[in-house]
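Just query-v9.txt here, compact mmCIF, C-alpha atoms:
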```txt
# COMPACT_ATOMS: atom_id res chain seq x y z
CA MET A 157 97.25 169.66 41.22
CA PRO A 158 96.68 170.33 44.90
CA ARG A 159 93.12 170.33 46.17
CA TRP A 160 92.98 174.10 46.79
CA SER A 161 94.24 174.84 43.26
CA SER A 162 91.48 172.62 41.88
CA LEU A 163 88.89 174.49 43.93
CA VAL A 164 90.04 177.84 42.51
CA ARG A 165 89.95 176.50 38.96
CA SER A 166 86.51 174.93 39.40
CA GLY A 167 85.18 178.15 40.92
CA ALA A 168 86.37 180.10 37.88
CA ARG A 169 84.84 177.95 35.15
CA GLY A 170 85.07 179.71 31.83
CA HIS A 171 88.14 181.73 32.84
CA ASP A 172 90.40 181.85 29.81
CA GLY A 173 92.81 184.64 30.77
CA ARG A 174 95.93 184.76 32.86
CA TRP A 175 95.64 184.02 36.54
CA PRO A 176 96.50 186.90 38.85
CA THR A 177 99.89 187.05 40.45
CA LEU A 178 99.95 186.95 44.21
CA ALA A 179 102.13 188.50 46.90
CA ILE A 180 101.92 186.89 50.32
CA TRP A 181 103.16 188.98 53.25
CA HIS A 182 103.66 187.66 56.76
CA GLY A 183 105.92 187.92 59.71
CA GLY A 184 107.88 185.27 61.47
CA ALA A 185 106.41 186.09 64.90
CA ASP A 186 102.71 186.34 64.04
CA ALA A 187 100.78 184.92 67.00
CA THR A 188 97.40 185.41 65.24
CA VAL A 189 97.86 183.64 61.89
CA SER A 190 100.20 180.69 61.49
CA VAL A 191 103.17 181.43 59.27
CA SER A 192 102.66 177.98 57.72
CA ASN A 193 99.54 179.37 55.99
CA ALA A 194 101.83 181.31 53.64
CA ASP A 195 103.34 178.07 52.35
CA THR A 196 99.85 176.66 51.79
CA ILE A 197 98.76 179.76 49.86
CA ALA A 198 101.98 179.78 47.82
CA ARG A 199 101.55 176.08 47.01
CA GLN A 200 97.94 176.71 45.92
CA TRP A 201 98.87 179.53 43.56
CA ARG A 202 101.95 177.75 42.21
CA GLY A 203 99.55 174.92 41.30
CA ILE A 204 97.18 177.35 39.59
CA HIS A 205 100.07 178.81 37.59
CA GLY A 206 101.66 175.41 36.95
CA VAL A 207 104.93 176.46 38.59
CA ASN A 208 107.30 173.95 40.16
CA ALA A 209 108.09 174.55 43.83
CA THR A 210 111.82 174.21 43.19
CA ALA A 211 111.80 176.98 40.57
CA VAL A 212 112.26 179.67 43.20
CA ARG A 213 114.71 182.50 43.64
CA GLU A 214 115.30 184.24 46.93
CA GLU A 215 116.28 187.83 47.68
CA ARG A 216 116.70 189.83 50.87
CA ARG A 217 115.43 193.35 51.30
CA GLY A 218 116.48 194.76 54.64
CA THR A 219 115.46 192.06 57.10
CA ALA A 220 112.72 190.67 54.80
CA ILE A 221 113.12 187.41 52.90
CA HIS A 222 111.49 187.53 49.46
CA ARG A 223 110.86 184.28 47.57
CA ILE A 224 109.66 184.51 43.94
CA TRP A 225 108.32 181.85 41.58
CA SER A 226 108.11 182.60 37.84
CA ASP A 227 106.05 180.92 35.15
CA ALA A 228 107.43 179.35 31.96
CA GLN A 229 107.41 182.78 30.28
CA GLY A 230 109.56 184.26 33.06
CA ARG A 231 106.73 186.32 34.59
CA ASP A 232 106.83 186.49 38.40
CA VAL A 233 103.53 184.91 39.48
CA VAL A 234 103.87 184.07 43.19
CA GLU A 235 105.81 186.05 45.78
CA ASP A 236 106.25 185.25 49.45
CA TRP A 237 107.57 187.96 51.79
CA THR A 238 108.60 187.01 55.32
CA VAL A 239 109.48 189.76 57.79
CA PRO A 240 111.33 188.08 60.68
CA GLY A 241 110.19 189.14 64.12
CA MET A 242 107.14 191.06 62.91
CA GLY A 243 103.73 190.46 64.52
CA HIS A 244 100.25 190.46 63.00
CA GLY A 245 99.72 193.51 60.79
CA THR A 246 100.80 195.35 57.68
CA PRO A 247 104.51 196.16 57.32
CA ILE A 248 105.14 199.89 56.84
CA ASP A 249 108.08 202.25 56.75
CA PRO A 250 106.83 205.77 57.50
CA SER A 251 110.38 207.14 57.83
CA ARG A 252 111.02 207.22 54.06
CA GLY A 253 108.73 210.16 53.32
CA GLU A 254 106.51 208.00 51.08
CA ARG A 255 103.51 208.98 53.26
CA LEU A 256 102.38 205.38 53.36
CA GLY A 257 101.04 205.24 56.88
CA ALA A 258 101.92 205.70 60.49
CA ALA A 259 102.70 203.03 63.03
CA GLY A 260 99.70 201.92 65.05
CA PRO A 261 97.61 198.83 65.69
CA TYR A 262 98.23 196.41 62.82
CA MET A 263 100.34 199.02 60.98
CA LEU A 264 103.84 197.94 62.01
CA ASP A 265 106.92 200.09 61.41
CA VAL A 266 109.40 197.38 60.47
CA GLY A 267 111.54 199.23 57.93
CA ILE A 268 109.82 197.92 54.80
CA SER A 269 106.55 198.97 53.22
CA SER A 270 104.38 196.32 51.57
CA THR A 271 102.23 199.15 50.17
CA ALA A 272 105.17 200.83 48.44
CA ILE A 273 106.53 197.55 47.06
CA ILE A 274 103.16 196.50 45.65
CA ALA A 275 102.48 199.99 44.24
CA ARG A 276 105.87 199.86 42.47
CA SER A 277 105.13 196.39 41.07
CA TRP A 278 101.86 197.77 39.65
CA GLY A 279 103.73 200.73 38.13
CA LEU A 280 101.85 203.26 40.31
CA ILE A 281 105.01 204.83 41.75
CA ALA A 282 108.60 204.98 40.54
CA ALA A 283 111.27 202.69 41.92
CA PRO A 284 113.49 204.29 44.59
CA ASP A 285 117.07 205.27 43.98
CA ALA A 286 119.49 202.39 44.47
CA ALA A 287 120.97 204.30 47.41
CA VAL A 288 117.67 204.00 49.30
CA ALA A 289 117.55 200.49 50.74
CA ALA A 290 115.20 199.05 53.33
CA LYS A 291 116.50 199.96 56.75
CA PRO A 292 117.09 197.21 59.27
CA ALA A 293 114.60 197.60 62.09
CA ALA A 294 114.11 196.23 65.55
CA ILE A 295 111.09 194.03 65.03
CA ASP A 296 109.00 192.47 67.74
CA ARG A 297 105.94 191.03 65.93
CA VAL A 298 104.89 189.55 62.48
CA ALA A 299 102.12 189.99 59.88
CA LYS A 300 100.51 187.80 57.29
CA ILE A 301 98.39 189.16 54.52
CA ALA A 302 97.84 187.93 51.00
CA ILE A 303 97.47 190.61 48.37
CA PRO A 304 96.81 190.05 44.64
CA VAL A 305 99.42 191.95 42.64
CA THR A 306 98.30 191.84 39.02
CA PRO A 307 99.17 195.08 37.20
CA LYS A 308 96.88 196.45 34.50
CA PRO A 309 97.87 194.82 31.17
CA ALA A 310 99.04 197.38 28.63
CA GLY A 311 96.41 198.18 26.02
CA LYS A 312 93.62 196.20 27.67
CA PRO A 313 90.73 197.98 29.36
CA ARG A 314 90.13 196.86 32.90
CA THR A 315 86.67 195.82 33.99
CA ALA A 316 85.15 198.65 35.97
CA ALA A 317 84.78 198.02 39.68
CA PRO A 318 81.61 199.03 41.44
CA ALA A 319 81.68 202.75 42.21
CA GLY A 320 81.91 202.21 45.97
CA ILE A 321 84.91 199.90 45.76
CA GLN A 322 86.62 202.03 43.10
CA ALA A 323 86.10 205.18 45.14
CA THR A 324 87.48 203.49 48.26
CA ILE A 325 90.60 202.29 46.43
CA GLU A 326 91.19 205.69 44.82
CA HIS A 327 90.71 207.44 48.17
CA ALA A 328 93.24 205.12 49.82
CA LEU A 329 95.76 205.62 47.01
CA ARG A 330 95.36 209.42 47.20
CA ALA A 331 95.70 209.38 50.99
CA ALA A 332 98.92 207.36 50.60
CA GLY A 333 100.25 209.86 48.05
CA LEU A 334 100.23 207.25 45.28
CA MET A 335 97.59 208.88 43.12
CA ARG A 336 96.64 212.47 42.40
```
Just give me the structure as structure tokens.
Amino acid sequence: MPRWSSLVRSGARGHDGRWPTLAIWHGGADATVSVSNADTIARQWRGIHGVNATAVREERRGTAIHRIWSDAQGRDVVEDWTVPGMGHGTPIDPSRGERLGAAGPYMLDVGISSTAIIARSWGLIAAPDAAVAAKPAAIDRVAKIAIPVTPKPAGKPRTAAPAGIQATIEHALRAAGLMR
């Protein structure tokens, strides 16, 4: 097991549940954070989940390249999204009417929304119609962010977050139109 995977496991002594899934987002032209960090993060979490590096499938969504590794039960546990040409920031697509942000510093209109994709994977919003595909966009910079993407397990209560954090998350989801 890679060193970083061992550090995560040793820091979580007593953990007996599933490890969270992880979505790594970055752009191919990020001048702030090296794109190679995504491979390091993906390798770390594949090690935590016990997933072989060669057990990967690749999809394209618009200009984005999406690599997915699944565990032995077929559950997607590590995702790596690369948005070619995008700089350092969060990929958004305000043109779809999803009200998920406006272009600005570190909020980059690149024709794909990491917020919408993650919210869909958590079951917070419905999947779009098949006719609505990510639009190709002229991209001039790249982003890299790592976001845990573990949905709430059915039937299991979730540990309550501190009121301040919970309120902040709920406010952000409401502002994005993802929660009433």
Exercise. Using all atoms listed in the file, which of A:Arg216, A:Gln200, A:Ala272, A:Gly245 sits nearest Ala259 (chain A)?
Worked result: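 Looking only at the distances to Ala259 (chain A), the closest residue turns out to be A:Gly245.
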For this session: For each of A:Ile273, A:Thr238, A:Thr246, A:Arg217, take the minimum atom-to-atom distance to Asn193 (chain A), counting only C-alpha atoms, then give the residue where this is smallest.
Result: A:Thr238
For this session: Excluding Val233 (chain A) and any residue of its chain fewer than 5 positions from it, enumerate the residues within 9 Å of it, using all atoms listed in the file, and give them as a VMD selection string.
Result: chain A and resid 175 to 179 201 to 202 205 207 224 to 227 305 to 306
Exercise. Of the residues A:Gly230, A:Gly218, A:Gly206, A:Gly243, which is the one nearest to Ser269 (chain A), using only C-alpha atoms?
Worked result: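 The shortest atom-to-atom distance to Ser269 (chain A) comes from A:Gly218.
Across the model, the gap from CA of Gly257 (chain A) to CA of Thr271 (chain A) is 9.1 Å.
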Problem set entry | CA of Ala168 (chain A) to CA of Ile197 (chain A), distance in Å rounded to a single decimal | 17.2 Å
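Atom to atom, CA of Thr196 (chain A) and CA of Arg159 (chain A) stand 10.8 Å apart.
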Step by step, gather every atom of region 223-242 of chain A that the file lists, find the box along x, y and z that holds them, add 3 Å on each side, and finally give centre and edge lengths in Å to one decimal, as AutoDock Vina command-line options.
```
--center_x 107.4 --center_y 185.2 --center_z 47.2 --size_x 13.8 --size_y 17.7 --size_z 39.8
```
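In this comparison, which uses all atoms listed in the file, the residue of A:His222, A:Arg169, A:His182, A:Arg174 approaching Pro247 (chain A) most closely is A:His182.
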For this session: Find the spatial neighbours of Val239 (chain A), counting all atoms listed in the file, within a cut-off of 7 Å - ignore same-chain residues fewer than 5 positions away - and output them as a ChimeraX atom specification.
Result: /A:182-184,219-221,298
Complete the atoms of region 243-278 of chain A to N, CA and C atoms and put them out as a short mmCIF file (atom, residue, chain, number, x, y, z; two decimals), in the frame of the given file.
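New file out_19.cif:
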```
data_model
loop_
_atom_site.label_atom_id
_atom_site.label_comp_id
_atom_site.auth_asym_id
_atom_site.auth_seq_id
_atom_site.Cartn_x
_atom_site.Cartn_y
_atom_site.Cartn_z
N GLY A 243 104.99 191.03 64.05
CA GLY A 243 103.73 190.46 64.52
C GLY A 243 102.64 190.57 63.47
N HIS A 244 101.40 190.47 63.89
CA HIS A 244 100.25 190.46 63.00
C HIS A 244 99.88 191.88 62.58
N GLY A 245 100.04 192.19 61.31
CA GLY A 245 99.72 193.51 60.79
C GLY A 245 100.33 193.73 59.43
N THR A 246 100.27 194.97 58.98
CA THR A 246 100.80 195.35 57.68
C THR A 246 102.16 196.01 57.89
N PRO A 247 103.19 195.54 57.17
CA PRO A 247 104.51 196.16 57.32
C PRO A 247 104.55 197.52 56.64
N ILE A 248 105.01 198.54 57.39
CA ILE A 248 105.14 199.89 56.84
C ILE A 248 106.50 200.45 57.18
N ASP A 249 106.85 201.52 56.47
CA ASP A 249 108.08 202.25 56.75
C ASP A 249 107.78 203.73 56.59
N PRO A 250 107.20 204.36 57.61
CA PRO A 250 106.83 205.77 57.50
C PRO A 250 108.02 206.73 57.48
N SER A 251 109.22 206.26 57.75
CA SER A 251 110.38 207.14 57.83
C SER A 251 110.91 207.56 56.46
N ARG A 252 110.48 206.94 55.39
CA ARG A 252 111.02 207.22 54.06
C ARG A 252 110.39 208.43 53.39
N GLY A 253 109.36 209.02 53.96
CA GLY A 253 108.73 210.16 53.32
C GLY A 253 107.77 209.75 52.21
N GLU A 254 107.43 208.46 52.11
CA GLU A 254 106.51 208.00 51.08
C GLU A 254 105.06 208.23 51.50
N ARG A 255 104.84 208.71 52.72
CA ARG A 255 103.51 208.98 53.26
C ARG A 255 102.61 207.75 53.13
N LEU A 256 103.13 206.63 53.51
CA LEU A 256 102.38 205.38 53.36
C LEU A 256 101.93 204.83 54.71
N GLY A 257 101.59 205.70 55.62
CA GLY A 257 101.04 205.24 56.88
C GLY A 257 101.87 205.63 58.07
N ALA A 258 101.26 205.45 59.22
CA ALA A 258 101.92 205.70 60.49
C ALA A 258 101.76 204.46 61.35
N ALA A 259 102.76 204.20 62.16
CA ALA A 259 102.70 203.03 63.03
C ALA A 259 101.50 203.12 63.95
N GLY A 260 100.86 202.01 64.18
CA GLY A 260 99.70 201.92 65.05
C GLY A 260 99.26 200.48 65.10
N PRO A 261 98.08 200.22 65.66
CA PRO A 261 97.61 198.83 65.69
C PRO A 261 97.54 198.25 64.28
N TYR A 262 98.20 197.15 64.08
CA TYR A 262 98.23 196.41 62.82
C TYR A 262 98.93 197.14 61.69
N MET A 263 99.51 198.29 61.95
CA MET A 263 100.34 199.02 60.98
C MET A 263 101.72 199.09 61.64
N LEU A 264 102.60 198.17 61.26
CA LEU A 264 103.84 197.94 62.01
C LEU A 264 105.05 198.53 61.29
N ASP A 265 105.71 199.47 61.94
CA ASP A 265 106.92 200.09 61.41
C ASP A 265 108.06 199.10 61.55
N VAL A 266 108.36 198.40 60.46
CA VAL A 266 109.40 197.38 60.47
C VAL A 266 110.48 197.65 59.43
N GLY A 267 110.48 198.87 58.86
CA GLY A 267 111.54 199.23 57.93
C GLY A 267 111.32 198.79 56.50
N ILE A 268 110.14 198.29 56.18
CA ILE A 268 109.82 197.92 54.80
C ILE A 268 108.32 198.13 54.63
N SER A 269 107.94 198.64 53.46
CA SER A 269 106.55 198.97 53.22
C SER A 269 105.97 198.05 52.15
N SER A 270 105.04 197.18 52.56
CA SER A 270 104.38 196.32 51.57
C SER A 270 103.59 197.17 50.58
N THR A 271 103.01 198.26 51.04
CA THR A 271 102.23 199.15 50.17
C THR A 271 103.11 199.73 49.07
N ALA A 272 104.28 200.23 49.43
CA ALA A 272 105.17 200.83 48.44
C ALA A 272 105.67 199.77 47.45
N ILE A 273 106.02 198.61 47.94
CA ILE A 273 106.53 197.55 47.06
C ILE A 273 105.46 197.11 46.07
N ILE A 274 104.24 196.92 46.55
CA ILE A 274 103.16 196.50 45.65
C ILE A 274 102.83 197.62 44.67
N ALA A 275 102.77 198.87 45.14
CA ALA A 275 102.48 199.99 44.24
C ALA A 275 103.54 200.09 43.14
N ARG A 276 104.80 199.85 43.49
CA ARG A 276 105.87 199.86 42.47
C ARG A 276 105.68 198.71 41.47
N SER A 277 105.30 197.53 41.98
CA SER A 277 105.13 196.39 41.07
C SER A 277 103.96 196.63 40.11
N TRP A 278 102.98 197.43 40.52
CA TRP A 278 101.86 197.77 39.65
C TRP A 278 102.19 198.95 38.73
#
```
